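Accompanying notes for the structure given below.
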Amino acid sequence: MSIVFERPHALIDRPLHYCPGCTHGIIHRLVAEVLDELGIEGATVGVASVGCTYNSYEYFNCDMVQAAHGRAPAVATGIRRSLPDRTVFTYQGDGDLAAIGTAEIVHAATRGEKITTIFVNNAIYGMTSGQMAPTTLVGQVTTTTPFGRKPELHGYPIRVCEMLSTLEGTAYAERVAVNNVPNIKKAKAAIKRAFQVQQERKGFAIVEVLSICPTNWGMSPEKSLEWLGENMMEHYPLGVYKNVELTSDGAK
């Protein structure tokens with residue numbers, strides 16, 4: 001019998017700790033599949049930061065480093081500059097990247113650091129009780145905005161891809177989602193392109209992945225996927241925001 005579906009080699013065979021319905025597992029698999037397909041698992045270093053994915057080093061079958069909250073881009077910068085033959089990626093949530101880590105990601109991008117960032121946006125702080133994040137939608141209820149986010153009190157949600165795409169050092173920026181099969185396929189293609197951009201040393205690359213948090217949203221996984229499509233994608237449109245041309249084969 002031929003094998004049509006199996007675990008990527010770059011993904012360690014162990015249960016994930018995420019809540020039921022969480023799409024971090026899907027995103028982990030997509031990253032692992034790309035590492036396998038590009039043949040770079042043994043030459044890759046991932047940087048895990050603080051948040052629901054703080055222990056993602058337990059799931060990827062490549063070298064991993066733990067960073068302080070929001071500091072993954074700085075750690076990744078040090079690794080990439082000291083080991084220029086390695087492929088380096090950060091895996092960060094919206095609270096980590098767009099709040100305490102805003103300065104880190106902006107300056108890594110503007111310097112054109114040759115790293116790839118996988119930015120998971122579920123519009124809430126997932127690990128620390130579900131409070132408002134920089135990406136929380138206007139009107140969205142969280143533990144710290146029980147009457148919904150109000151712009152006059154809390155400001156507006158940050159559009160990270162749009163912001164970083166204005167910087168000269170950013171070579172690639174795309175926003176994708178994992179709420180259905182067609183979008184999951186597009187998300188994998190975007191992640192692969194982001195790693196190829198790094199291999200070609202074009203500059204900084206980021207893929208923003210719209211994700212769900214059924215636990216803190218107080219919804220079923222099915223309803224959460226619907227809510228993402230009906231609400232998050234209106235404020236965070238999917239698409240490529242910047243893409244420096246690759247060579248035909250996408251190799252170094």
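Letters A, B, ... go to the chains of the structure tokens in the order shown; residues in each chain start at 1; ligands are counted from 1 in the same order.
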Considering only strand (DSSP E or B) as DSSP defines it on the backbone, what residues of stretch 141-175 of chain A qualify? List them as a PyMOL selection string.
chain A and resi 149+170-175
Could you go through stretch 84-233 of chain A and tell me which residues DSSP, when run on the backbone, assigns to alpha helix (DSSP H), listing them as a ChimeraX atom specification?
/A:94-95,102-110,151-154,160-164,181-199,214-217,221-227,233
Mind writing the picked residues with C-alpha atoms as a PDB file, in the first residue's frame?
```
ATOM      1  CA  ASP A  94       0.513  38.501  18.266  1.00  0.00           C
ATOM      2  CA  GLY A  95       0.974  39.486  21.918  1.00  0.00           C
ATOM      3  CA  THR A 102       7.204  45.599  18.467  1.00  0.00           C
ATOM      4  CA  ALA A 103      10.574  47.345  18.481  1.00  0.00           C
ATOM      5  CA  GLU A 104      12.421  44.068  17.932  1.00  0.00           C
ATOM      6  CA  ILE A 105      10.425  43.066  14.847  1.00  0.00           C
ATOM      7  CA  VAL A 106      10.413  46.565  13.331  1.00  0.00           C
ATOM      8  CA  HIS A 107      14.160  47.000  13.637  1.00  0.00           C
ATOM      9  CA  ALA A 108      14.951  43.462  12.458  1.00  0.00           C
ATOM     10  CA  ALA A 109      12.846  44.201   9.384  1.00  0.00           C
ATOM     11  CA  THR A 110      14.300  47.632   8.710  1.00  0.00           C
ATOM     12  CA  PRO A 151     -10.826  52.839  19.780  1.00  0.00           C
ATOM     13  CA  GLU A 152     -11.198  55.943  21.954  1.00  0.00           C
ATOM     14  CA  LEU A 153      -9.928  53.957  24.948  1.00  0.00           C
ATOM     15  CA  HIS A 154      -7.737  51.231  23.502  1.00  0.00           C
ATOM     16  CA  VAL A 160       1.589  44.125  11.049  1.00  0.00           C
ATOM     17  CA  CYS A 161       2.074  43.037   7.425  1.00  0.00           C
ATOM     18  CA  GLU A 162       1.034  46.420   6.078  1.00  0.00           C
ATOM     19  CA  MET A 163       3.345  48.198   8.524  1.00  0.00           C
ATOM     20  CA  LEU A 164       6.421  46.059   7.903  1.00  0.00           C
ATOM     21  CA  VAL A 181      -8.283  23.688   3.139  1.00  0.00           C
ATOM     22  CA  PRO A 182      -7.723  26.114   0.230  1.00  0.00           C
ATOM     23  CA  ASN A 183      -6.317  28.728   2.599  1.00  0.00           C
ATOM     24  CA  ILE A 184      -4.133  26.142   4.349  1.00  0.00           C
ATOM     25  CA  LYS A 185      -2.579  25.259   0.969  1.00  0.00           C
ATOM     26  CA  LYS A 186      -1.920  28.941   0.285  1.00  0.00           C
ATOM     27  CA  ALA A 187      -0.421  29.318   3.760  1.00  0.00           C
ATOM     28  CA  LYS A 188       2.073  26.548   3.069  1.00  0.00           C
ATOM     29  CA  ALA A 189       3.081  28.134  -0.232  1.00  0.00           C
ATOM     30  CA  ALA A 190       3.647  31.457   1.534  1.00  0.00           C
ATOM     31  CA  ILE A 191       5.780  29.856   4.252  1.00  0.00           C
ATOM     32  CA  LYS A 192       7.855  28.123   1.602  1.00  0.00           C
ATOM     33  CA  ARG A 193       8.399  31.380  -0.288  1.00  0.00           C
ATOM     34  CA  ALA A 194       9.435  33.097   2.945  1.00  0.00           C
ATOM     35  CA  PHE A 195      12.149  30.502   3.549  1.00  0.00           C
ATOM     36  CA  GLN A 196      13.308  30.741  -0.074  1.00  0.00           C
ATOM     37  CA  VAL A 197      13.620  34.518   0.283  1.00  0.00           C
ATOM     38  CA  GLN A 198      15.940  33.917   3.219  1.00  0.00           C
ATOM     39  CA  GLN A 199      17.949  31.327   1.299  1.00  0.00           C
ATOM     40  CA  PRO A 214     -11.559  28.721  20.656  1.00  0.00           C
ATOM     41  CA  THR A 215     -10.812  28.611  24.394  1.00  0.00           C
ATOM     42  CA  ASN A 216     -10.373  32.349  24.918  1.00  0.00           C
ATOM     43  CA  TRP A 217     -12.871  33.339  22.249  1.00  0.00           C
ATOM     44  CA  PRO A 221     -13.691  25.255  16.974  1.00  0.00           C
ATOM     45  CA  GLU A 222     -16.246  25.233  14.147  1.00  0.00           C
ATOM     46  CA  LYS A 223     -17.713  28.594  15.170  1.00  0.00           C
ATOM     47  CA  SER A 224     -14.210  30.012  15.631  1.00  0.00           C
ATOM     48  CA  LEU A 225     -13.273  29.145  12.056  1.00  0.00           C
ATOM     49  CA  GLU A 226     -16.431  30.863  10.840  1.00  0.00           C
ATOM     50  CA  TRP A 227     -15.734  33.926  13.007  1.00  0.00           C
ATOM     51  CA  MET A 233     -10.339  38.687   7.339  1.00  0.00           C
TER      52      MET A 233
END
```
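Using only C-alpha atoms for every distance, the candidate list A:Leu137, A:Ala76, A:Ala68, A:Ala32 yields A:Ala68 as the residue closest to A:Ile100.
Non-sequential neighbours of A:Glu58 (distance at most 10 Å, separation of 5 or more positions within a chain, only C-alpha atoms) are Leu11, Ile12, Asp13, Arg14, Pro15, Leu16, Thr53 and Met64 of chain A.
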Students should find that atom CA of A:His28 and atom CA of A:Val244 are spaced 25.2 Å
